[in-house]
$ cat final.pdb   # PDB, C-alpha atoms, pLDDT in the B column
ATOM      1  CA  MET A   1      53.367  10.746  -6.737  1.00 34.00           C
ATOM      2  CA  THR A   2      50.673  11.335  -4.127  1.00 40.00           C
ATOM      3  CA  GLU A   3      47.983  11.808  -6.796  1.00 42.00           C
ATOM      4  CA  THR A   4      49.114   8.611  -8.536  1.00 36.00           C
ATOM      5  CA  LEU A   5      48.818   6.610  -5.325  1.00 34.00           C
ATOM      6  CA  LYS A   6      45.408   8.158  -4.625  1.00 42.00           C
ATOM      7  CA  ALA A   7      44.166   7.263  -8.115  1.00 41.00           C
ATOM      8  CA  ALA A   8      45.413   3.682  -7.748  1.00 38.00           C
ATOM      9  CA  LYS A   9      43.670   3.337  -4.408  1.00 44.00           C
ATOM     10  CA  CYS A  10      40.404   4.654  -5.850  1.00 47.00           C
ATOM     11  CA  GLN A  11      40.557   2.252  -8.776  1.00 50.00           C
ATOM     12  CA  LYS A  12      40.921  -0.751  -6.456  1.00 64.00           C
ATOM     13  CA  ARG A  13      37.970  -0.087  -4.181  1.00 77.00           C
ATOM     14  CA  GLY A  14      34.412  -0.615  -5.272  1.00 94.00           C
ATOM     15  CA  LEU A  15      31.491   1.767  -5.278  1.00 97.00           C
ATOM     16  CA  PHE A  16      28.298   1.219  -3.286  1.00 98.00           C
ATOM     17  CA  ILE A  17      25.234   3.040  -4.604  1.00 98.00           C
ATOM     18  CA  THR A  18      21.758   2.673  -3.121  1.00 98.00           C
ATOM     19  CA  PHE A  19      18.397   3.669  -4.563  1.00 98.00           C
ATOM     20  CA  GLU A  20      15.691   5.034  -2.282  1.00 98.00           C
ATOM     21  CA  GLY A  21      12.223   6.498  -2.612  1.00 97.00           C
ATOM     22  CA  GLY A  22       8.571   5.906  -1.934  1.00 95.00           C
ATOM     23  CA  GLU A  23       6.436   3.388  -3.764  1.00 93.00           C
ATOM     24  CA  GLY A  24       6.309   4.059  -7.500  1.00 93.00           C
ATOM     25  CA  ALA A  25       9.263   6.444  -7.450  1.00 95.00           C
ATOM     26  CA  GLY A  26      11.167   4.605 -10.192  1.00 95.00           C
ATOM     27  CA  LYS A  27      14.020   3.046  -8.229  1.00 96.00           C
ATOM     28  CA  SER A  28      14.060  -0.262 -10.073  1.00 94.00           C
ATOM     29  CA  THR A  29      13.886   1.453 -13.462  1.00 96.00           C
ATOM     30  CA  LEU A  30      16.864   3.681 -12.660  1.00 98.00           C
ATOM     31  CA  LEU A  31      18.882   0.819 -11.178  1.00 98.00           C
ATOM     32  CA  ALA A  32      18.382  -1.300 -14.309  1.00 97.00           C
ATOM     33  CA  ALA A  33      19.394   1.603 -16.553  1.00 98.00           C
ATOM     34  CA  LEU A  34      22.586   2.248 -14.598  1.00 98.00           C
ATOM     35  CA  GLN A  35      23.418  -1.441 -14.442  1.00 98.00           C
ATOM     36  CA  GLN A  36      23.217  -1.565 -18.240  1.00 97.00           C
ATOM     37  CA  GLU A  37      25.262   1.643 -18.538  1.00 96.00           C
ATOM     38  CA  PHE A  38      28.106   0.392 -16.350  1.00 97.00           C
ATOM     39  CA  SER A  39      28.105  -3.127 -17.808  1.00 97.00           C
ATOM     40  CA  ALA A  40      28.339  -1.721 -21.333  1.00 96.00           C
ATOM     41  CA  LYS A  41      31.515   0.065 -20.264  1.00 95.00           C
ATOM     42  CA  GLY A  42      33.036  -3.218 -19.088  1.00 95.00           C
ATOM     43  CA  GLN A  43      32.609  -2.592 -15.371  1.00 95.00           C
ATOM     44  CA  THR A  44      31.632  -5.417 -13.046  1.00 96.00           C
ATOM     45  CA  VAL A  45      28.253  -4.654 -11.509  1.00 98.00           C
ATOM     46  CA  LEU A  46      26.382  -6.460  -8.750  1.00 98.00           C
ATOM     47  CA  ALA A  47      22.672  -5.581  -8.545  1.00 98.00           C
ATOM     48  CA  LEU A  48      20.854  -6.371  -5.296  1.00 98.00           C
ATOM     49  CA  ARG A  49      17.611  -5.577  -3.515  1.00 98.00           C
ATOM     50  CA  GLU A  50      16.353  -5.146   0.028  1.00 98.00           C
ATOM     51  CA  PRO A  51      14.875  -6.950   1.705  1.00 97.00           C
ATOM     52  CA  GLY A  52      16.406  -9.903  -0.095  1.00 97.00           C
ATOM     53  CA  GLY A  53      19.544 -10.554  -2.093  1.00 97.00           C
ATOM     54  CA  THR A  54      20.507 -13.695  -0.157  1.00 98.00           C
ATOM     55  CA  ALA A  55      18.712 -16.982   0.485  1.00 97.00           C
ATOM     56  CA  LEU A  56      17.826 -15.834   4.005  1.00 97.00           C
ATOM     57  CA  GLY A  57      16.936 -12.351   2.820  1.00 97.00           C
ATOM     58  CA  GLU A  58      14.529 -13.635   0.188  1.00 96.00           C
ATOM     59  CA  GLU A  59      12.700 -15.724   2.794  1.00 95.00           C
ATOM     60  CA  LEU A  60      12.395 -12.663   5.010  1.00 95.00           C
ATOM     61  CA  ARG A  61      11.225 -10.643   2.017  1.00 94.00           C
ATOM     62  CA  VAL A  62       8.221 -12.924   1.615  1.00 91.00           C
ATOM     63  CA  ILE A  63       7.246 -12.286   5.228  1.00 91.00           C
ATOM     64  CA  LEU A  64       7.897  -8.550   5.069  1.00 93.00           C
ATOM     65  CA  LYS A  65       6.347  -7.823   1.688  1.00 90.00           C
ATOM     66  CA  HIS A  66       3.585 -10.384   1.424  1.00 85.00           C
ATOM     67  CA  GLN A  67       2.512 -11.111   5.014  1.00 69.00           C
ATOM     68  CA  ALA A  68       3.270 -14.842   4.877  1.00 54.00           C
ATOM     69  CA  THR A  69       2.649 -15.221   8.602  1.00 58.00           C
ATOM     70  CA  ALA A  70      -0.781 -15.757  10.160  1.00 71.00           C
ATOM     71  CA  GLU A  71      -0.365 -12.833  12.551  1.00 82.00           C
ATOM     72  CA  PRO A  72       0.301  -9.188  11.630  1.00 86.00           C
ATOM     73  CA  LEU A  73       3.849  -7.916  12.055  1.00 89.00           C
ATOM     74  CA  CYS A  74       4.288  -5.271  14.724  1.00 94.00           C
ATOM     75  CA  ALA A  75       6.485  -2.327  13.764  1.00 96.00           C
ATOM     76  CA  GLN A  76       9.376  -3.442  15.975  1.00 97.00           C
ATOM     77  CA  ALA A  77       9.435  -6.949  14.489  1.00 96.00           C
ATOM     78  CA  GLU A  78       9.316  -5.450  11.014  1.00 96.00           C
ATOM     79  CA  LEU A  79      12.342  -3.287  11.822  1.00 98.00           C
ATOM     80  CA  LEU A  80      14.376  -6.186  13.195  1.00 98.00           C
ATOM     81  CA  LEU A  81      13.564  -8.441  10.247  1.00 97.00           C
ATOM     82  CA  MET A  82      14.655  -5.661   7.891  1.00 98.00           C
ATOM     83  CA  TYR A  83      18.002  -5.406   9.646  1.00 98.00           C
ATOM     84  CA  ALA A  84      18.434  -9.173   9.755  1.00 98.00           C
ATOM     85  CA  SER A  85      18.070  -9.263   5.981  1.00 98.00           C
ATOM     86  CA  ARG A  86      20.268  -6.184   5.605  1.00 98.00           C
ATOM     87  CA  VAL A  87      23.251  -7.336   7.638  1.00 98.00           C
ATOM     88  CA  GLN A  88      23.214 -10.751   5.949  1.00 98.00           C
ATOM     89  CA  LEU A  89      23.372  -8.993   2.592  1.00 98.00           C
ATOM     90  CA  ILE A  90      26.129  -6.638   3.701  1.00 98.00           C
ATOM     91  CA  GLU A  91      28.363  -9.345   5.134  1.00 98.00           C
ATOM     92  CA  THR A  92      27.893 -12.025   2.474  1.00 98.00           C
ATOM     93  CA  LYS A  93      27.429 -10.025  -0.724  1.00 98.00           C
ATOM     94  CA  ILE A  94      28.136  -6.293  -0.512  1.00 98.00           C
ATOM     95  CA  LYS A  95      31.428  -6.168   1.390  1.00 98.00           C
ATOM     96  CA  PRO A  96      33.049  -9.006  -0.629  1.00 97.00           C
ATOM     97  CA  ALA A  97      32.013  -7.354  -3.910  1.00 98.00           C
ATOM     98  CA  LEU A  98      33.369  -3.964  -2.844  1.00 97.00           C
ATOM     99  CA  ALA A  99      36.641  -5.592  -1.806  1.00 97.00           C
ATOM    100  CA  GLN A 100      36.926  -6.913  -5.365  1.00 96.00           C
ATOM    101  CA  GLY A 101      36.411  -3.438  -6.798  1.00 96.00           C
ATOM    102  CA  GLN A 102      32.895  -4.036  -8.088  1.00 97.00           C
ATOM    103  CA  ILE A 103      30.103  -1.500  -8.420  1.00 97.00           C
ATOM    104  CA  VAL A 104      27.257  -2.543  -6.118  1.00 98.00           C
ATOM    105  CA  LEU A 105      23.777  -1.219  -6.875  1.00 98.00           C
ATOM    106  CA  CYS A 106      21.103  -1.896  -4.245  1.00 98.00           C
ATOM    107  CA  ASP A 107      17.377  -1.261  -4.535  1.00 98.00           C
ATOM    108  CA  ARG A 108      16.714   0.096  -1.035  1.00 98.00           C
ATOM    109  CA  HIS A 109      19.035   0.024   1.941  1.00 98.00           C
ATOM    110  CA  ASP A 110      19.412   1.549   5.374  1.00 95.00           C
ATOM    111  CA  LEU A 111      17.581   4.820   4.695  1.00 97.00           C
ATOM    112  CA  SER A 112      14.389   2.867   3.990  1.00 98.00           C
ATOM    113  CA  SER A 113      14.143   1.880   7.646  1.00 98.00           C
ATOM    114  CA  PHE A 114      14.268   5.494   8.794  1.00 98.00           C
ATOM    115  CA  ALA A 115      11.616   6.419   6.233  1.00 98.00           C
ATOM    116  CA  TYR A 116       9.282   3.429   6.525  1.00 97.00           C
ATOM    117  CA  GLN A 117       9.666   2.105  10.054  1.00 98.00           C
ATOM    118  CA  GLY A 118      10.492   5.572  11.420  1.00 98.00           C
ATOM    119  CA  GLY A 119       8.414   8.021   9.401  1.00 97.00           C
ATOM    120  CA  GLY A 120       5.750   5.582   8.270  1.00 97.00           C
ATOM    121  CA  ARG A 121       5.331   3.357  11.339  1.00 97.00           C
ATOM    122  CA  GLY A 122       6.254   5.988  13.893  1.00 97.00           C
ATOM    123  CA  LEU A 123       9.120   4.188  15.611  1.00 98.00           C
ATOM    124  CA  PRO A 124      11.536   6.608  17.338  1.00 98.00           C
ATOM    125  CA  PHE A 125      14.444   7.515  15.093  1.00 96.00           C
ATOM    126  CA  ALA A 126      16.798   7.141  18.065  1.00 97.00           C
ATOM    127  CA  ALA A 127      15.683   3.534  18.484  1.00 97.00           C
ATOM    128  CA  ILE A 128      16.266   2.820  14.799  1.00 98.00           C
ATOM    129  CA  GLN A 129      19.692   4.423  15.018  1.00 97.00           C
ATOM    130  CA  ALA A 130      20.513   2.228  18.015  1.00 98.00           C
ATOM    131  CA  VAL A 131      19.586  -0.909  16.057  1.00 98.00           C
ATOM    132  CA  ARG A 132      21.562   0.331  13.080  1.00 97.00           C
ATOM    133  CA  THR A 133      24.671   0.967  15.171  1.00 97.00           C
ATOM    134  CA  ALA A 134      24.438  -2.419  16.870  1.00 97.00           C
ATOM    135  CA  VAL A 135      23.925  -4.324  13.609  1.00 97.00           C
ATOM    136  CA  ILE A 136      25.918  -2.590  10.867  1.00 97.00           C
ATOM    137  CA  GLY A 137      27.991   0.005  12.708  1.00 97.00           C
ATOM    138  CA  ASP A 138      29.259   2.842  10.534  1.00 96.00           C
ATOM    139  CA  PHE A 139      28.869   1.002   7.232  1.00 97.00           C
ATOM    140  CA  ARG A 140      27.058   3.174   4.692  1.00 97.00           C
ATOM    141  CA  PRO A 141      26.719   3.708   0.933  1.00 98.00           C
ATOM    142  CA  ASP A 142      29.118   5.906  -1.012  1.00 97.00           C
ATOM    143  CA  LEU A 143      26.057   7.489  -2.600  1.00 98.00           C
ATOM    144  CA  THR A 144      22.314   7.232  -2.080  1.00 98.00           C
ATOM    145  CA  LEU A 145      20.082   8.318  -4.941  1.00 98.00           C
ATOM    146  CA  LEU A 146      16.744   9.381  -3.486  1.00 98.00           C
ATOM    147  CA  ILE A 147      14.150   9.507  -6.239  1.00 98.00           C
ATOM    148  CA  ASP A 148      11.444  11.858  -5.080  1.00 98.00           C
ATOM    149  CA  VAL A 149       7.915  12.044  -6.468  1.00 97.00           C
ATOM    150  CA  PRO A 150       4.703  13.494  -4.997  1.00 97.00           C
ATOM    151  CA  VAL A 151       2.748  10.876  -3.065  1.00 96.00           C
ATOM    152  CA  GLU A 152      -0.159  11.010  -5.509  1.00 95.00           C
ATOM    153  CA  VAL A 153       2.144  10.315  -8.452  1.00 95.00           C
ATOM    154  CA  GLY A 154       3.679   7.304  -6.730  1.00 93.00           C
ATOM    155  CA  MET A 155       0.308   5.895  -5.747  1.00 92.00           C
ATOM    156  CA  GLN A 156      -1.002   6.253  -9.299  1.00 92.00           C
ATOM    157  CA  ARG A 157       2.009   4.378 -10.649  1.00 93.00           C
ATOM    158  CA  VAL A 158       1.560   1.596  -8.107  1.00 90.00           C
ATOM    159  CA  ALA A 159      -2.135   1.286  -8.919  1.00 88.00           C
ATOM    160  CA  ALA A 160      -1.290   0.921 -12.614  1.00 90.00           C
ATOM    161  CA  ARG A 161       0.958  -2.058 -11.825  1.00 86.00           C
ATOM    162  CA  GLY A 162      -1.913  -4.116 -10.433  1.00 79.00           C
ATOM    163  CA  VAL A 163      -1.314  -6.399  -7.433  1.00 78.00           C
ATOM    164  CA  ARG A 164       0.068  -4.557  -4.406  1.00 83.00           C
ATOM    165  CA  ASP A 165       2.329  -5.799  -1.631  1.00 86.00           C
ATOM    166  CA  ARG A 166       1.879  -5.200   2.111  1.00 88.00           C
ATOM    167  CA  PHE A 167       3.540  -1.776   2.036  1.00 89.00           C
ATOM    168  CA  GLU A 168       1.839  -0.605  -1.123  1.00 87.00           C
ATOM    169  CA  LEU A 169      -1.551  -1.241   0.521  1.00 87.00           C
ATOM    170  CA  GLU A 170      -0.910   1.467   3.124  1.00 89.00           C
ATOM    171  CA  GLN A 171      -2.972   4.658   3.110  1.00 92.00           C
ATOM    172  CA  ARG A 172      -1.915   8.051   1.753  1.00 94.00           C
ATOM    173  CA  ASP A 173      -0.958   9.463   5.177  1.00 96.00           C
ATOM    174  CA  PHE A 174       1.579   6.670   5.616  1.00 96.00           C
ATOM    175  CA  PHE A 175       3.341   7.632   2.383  1.00 96.00           C
ATOM    176  CA  VAL A 176       3.228  11.327   3.256  1.00 97.00           C
ATOM    177  CA  ARG A 177       5.155  10.514   6.438  1.00 98.00           C
ATOM    178  CA  VAL A 178       7.576   8.292   4.510  1.00 97.00           C
ATOM    179  CA  ARG A 179       8.320  11.030   1.993  1.00 98.00           C
ATOM    180  CA  SER A 180       8.791  13.614   4.732  1.00 98.00           C
ATOM    181  CA  ALA A 181      11.258  11.361   6.574  1.00 98.00           C
ATOM    182  CA  TYR A 182      13.219  10.768   3.380  1.00 98.00           C
ATOM    183  CA  LEU A 183      13.530  14.482   2.628  1.00 98.00           C
ATOM    184  CA  GLN A 184      14.491  15.282   6.216  1.00 97.00           C
ATOM    185  CA  ALA A 185      17.266  12.691   6.054  1.00 96.00           C
ATOM    186  CA  ALA A 186      18.446  13.986   2.678  1.00 96.00           C
ATOM    187  CA  ALA A 187      18.824  17.466   4.143  1.00 97.00           C
ATOM    188  CA  GLN A 188      21.144  16.093   6.826  1.00 96.00           C
ATOM    189  CA  LEU A 189      23.180  13.421   5.051  1.00 97.00           C
ATOM    190  CA  PRO A 190      25.764  14.639   2.519  1.00 96.00           C
ATOM    191  CA  TYR A 191      25.892  11.318   0.634  1.00 97.00           C
ATOM    192  CA  VAL A 192      22.173  11.488  -0.275  1.00 98.00           C
ATOM    193  CA  LYS A 193      21.334  13.085  -3.634  1.00 98.00           C
ATOM    194  CA  VAL A 194      17.694  13.888  -4.374  1.00 98.00           C
ATOM    195  CA  LEU A 195      16.523  13.304  -7.943  1.00 98.00           C
ATOM    196  CA  ASP A 196      13.274  14.538  -9.462  1.00 98.00           C
ATOM    197  CA  GLY A 197      11.369  11.352 -10.237  1.00 97.00           C
ATOM    198  CA  THR A 198       8.684  13.181 -12.210  1.00 96.00           C
ATOM    199  CA  GLN A 199      11.133  13.672 -15.069  1.00 97.00           C
ATOM    200  CA  CYS A 200      11.394  11.167 -17.912  1.00 96.00           C
ATOM    201  CA  PRO A 201      13.596   8.099 -17.214  1.00 96.00           C
ATOM    202  CA  GLU A 202      16.439   9.395 -19.401  1.00 97.00           C
ATOM    203  CA  GLN A 203      16.565  12.700 -17.535  1.00 98.00           C
ATOM    204  CA  VAL A 204      16.606  10.889 -14.197  1.00 98.00           C
ATOM    205  CA  LYS A 205      19.386   8.643 -15.466  1.00 98.00           C
ATOM    206  CA  GLN A 206      21.521  11.579 -16.596  1.00 98.00           C
ATOM    207  CA  ALA A 207      21.047  13.325 -13.246  1.00 98.00           C
ATOM    208  CA  ALA A 208      22.083  10.110 -11.513  1.00 98.00           C
ATOM    209  CA  LEU A 209      25.199   9.748 -13.656  1.00 97.00           C
ATOM    210  CA  ALA A 210      26.176  13.324 -12.810  1.00 97.00           C
ATOM    211  CA  ALA A 211      25.763  12.592  -9.100  1.00 97.00           C
ATOM    212  CA  ILE A 212      27.835   9.428  -9.426  1.00 96.00           C
ATOM    213  CA  ALA A 213      30.610  11.247 -11.274  1.00 94.00           C
ATOM    214  CA  ALA A 214      30.711  13.868  -8.547  1.00 92.00           C
ATOM    215  CA  CYS A 215      31.092  11.288  -5.765  1.00 85.00           C
ATOM    216  CA  ARG A 216      33.881   9.290  -7.413  1.00 71.00           C
ATOM    217  CA  CYS A 217      37.580  10.084  -7.135  1.00 51.00           C
TER     218      CYS A 217
END
$ encode --input "final.pdb" --output "C-alpha cells"
Amino acid sequence: MTETLKAAKCQKRGLFITFEGGEGAGKSTLLAALQQEFSAKGQTVLALREPGGTALGEELRVILKHQATAEPLCAQAELLLMYASRVQLIETKIKPALAQGQIVLCDRHDLSSFAYQGGGRGLPFAAIQAVRTAVIGDFRPDLTLLIDVPVEVGMQRVAARGVRDRFELEQRDFFVRVRSAYLQAAAQLPYVKVLDGTQCPEQVKQAALAAIAACRC
C-alpha cells in the first residue's frame, strides 16, 4: 500500500532538469534531444532558457547577453539582473508546470550564477548564496546535468558558430575560472551529474538518460 501511494505521488509531480556548462559545452543540443525523446513518449515537456523564458526575462537577456545599455554592467548588477530573470521564470513558468506534472527542461539555471558571476567575475560565493536565499529560497532542480568540456574545446566550438555574445567574448582565464567553479559545485551538490561533453551527442544523451532514470522514483 505504501509503495502504491509513493508511486502515485511521484507520477503526479513534475520533474525539473537543468543543463549547465561553459560556452560551447553542448547544453542546447542535449536539451533539444531530450525534449524530443520525452515528447515522443507522450510526456508533456516545457523547454526554457536562462536568462529569458518570460517577456521580462527576454528583455533582460538582451541586456545581459548583448550589452544593450550604453554603460558596461558591473558584476553586481549582472548578478541581480540574472536573479530577476530567474525568479520571474520560476514563479510564472516553472512552478506552475511542475504542479501540473510536466517535465521542465531549462538551459541554464541557478548554478550558472555561481560559475559565471562567482568563478568568472570573482563575486564572493557567500554573497551570491545570500542573494539566492533571499530571492528563490530553497527551490532547486531535481537534477542538474553539467556538461563538461575543456576550455579550449568550448572556445573552438564557439568560434565556429560565428558572432559571439557578451559572455562568449571573455578571455580564456575567465572560462578556466568558470569551469573550475562548476566542477567544485558538482563535487558538493548531490543533484549535479557531470557528463563528458567531448563524447558524441548520442553518447552524451544516453548518459543523460541514465542520470535521469536514476533520479526518478
$ resolve_selection --input "final.pdb" --expression "the PyMOL selection byres ((chain A and resi 132) around 12)" --output "PyMOL selection string"
chain A and resi 79-80+82-84+86-87+109-114+125-131+133-140
$ resolve_selection --input "final.pdb" --expression "the PyMOL selection byres ((chain A and resi 171) around 12)" --output "VMD selection string"
chain A and resid 23 120 to 121 151 to 152 155 166 to 170 172 to 178
$ closest_residue --input "final.pdb" --among "A:Asp165, A:Gly24, A:Ala181, A:Ala159" --to "Tyr116 in chain A" --atoms "all atoms listed in the file"
A:Ala181
$ residues_around --input "final.pdb" --residues "range 195-198 of chain A" --least-positions-apart "2" --cutoff "7 Å" --atoms "only C-alpha atoms" --output "PDB file with C-alpha atoms, in the frame of the given file"
ATOM      1  CA  ALA A  25       9.263   6.444  -7.450  1.00 95.00           C
ATOM      2  CA  GLY A  26      11.167   4.605 -10.192  1.00 95.00           C
ATOM      3  CA  LEU A 145      20.082   8.318  -4.941  1.00 98.00           C
ATOM      4  CA  LEU A 146      16.744   9.381  -3.486  1.00 98.00           C
ATOM      5  CA  ILE A 147      14.150   9.507  -6.239  1.00 98.00           C
ATOM      6  CA  ASP A 148      11.444  11.858  -5.080  1.00 98.00           C
ATOM      7  CA  VAL A 149       7.915  12.044  -6.468  1.00 97.00           C
ATOM      8  CA  LYS A 193      21.334  13.085  -3.634  1.00 98.00           C
ATOM      9  CA  CYS A 200      11.394  11.167 -17.912  1.00 96.00           C
ATOM     10  CA  VAL A 204      16.606  10.889 -14.197  1.00 98.00           C
ATOM     11  CA  ALA A 207      21.047  13.325 -13.246  1.00 98.00           C
TER      12      ALA A 207
END
$ resolve_selection --input "final.pdb" --expression "the PyMOL selection byres ((chain A and resi 46) around 9)" --output "CSV table (one decimal) with C-alpha atoms, in the frame of the given file"
chain,number,residue,atom,x,y,z
A,35,GLN,CA,23.4,-1.4,-14.4
A,44,THR,CA,31.6,-5.4,-13.0
A,45,VAL,CA,28.3,-4.7,-11.5
A,47,ALA,CA,22.7,-5.6,-8.5
A,48,LEU,CA,20.9,-6.4,-5.3
A,93,LYS,CA,27.4,-10.0,-0.7
A,94,ILE,CA,28.1,-6.3,-0.5
A,97,ALA,CA,32.0,-7.4,-3.9
A,102,GLN,CA,32.9,-4.0,-8.1
A,103,ILE,CA,30.1,-1.5,-8.4
A,104,VAL,CA,27.3,-2.5,-6.1
A,105,LEU,CA,23.8,-1.2,-6.9
A,106,CYS,CA,21.1,-1.9,-4.2
$ axis_aligned_box --input "final.pdb" --around "range 47-62 of chain A" --padding-each-side "6 Å" --output "JSON"
{"center_x": 15.4, "center_y": -11.1, "center_z": -1.8, "size_x": 26.5, "size_y": 23.8, "size_z": 25.6}
$ closest_residue --input "final.pdb" --among "A:Pro141, A:Gly14, A:Gly22, A:Gly101" --to "Gly119 in chain A" --atoms "only C-alpha atoms"
A:Gly22
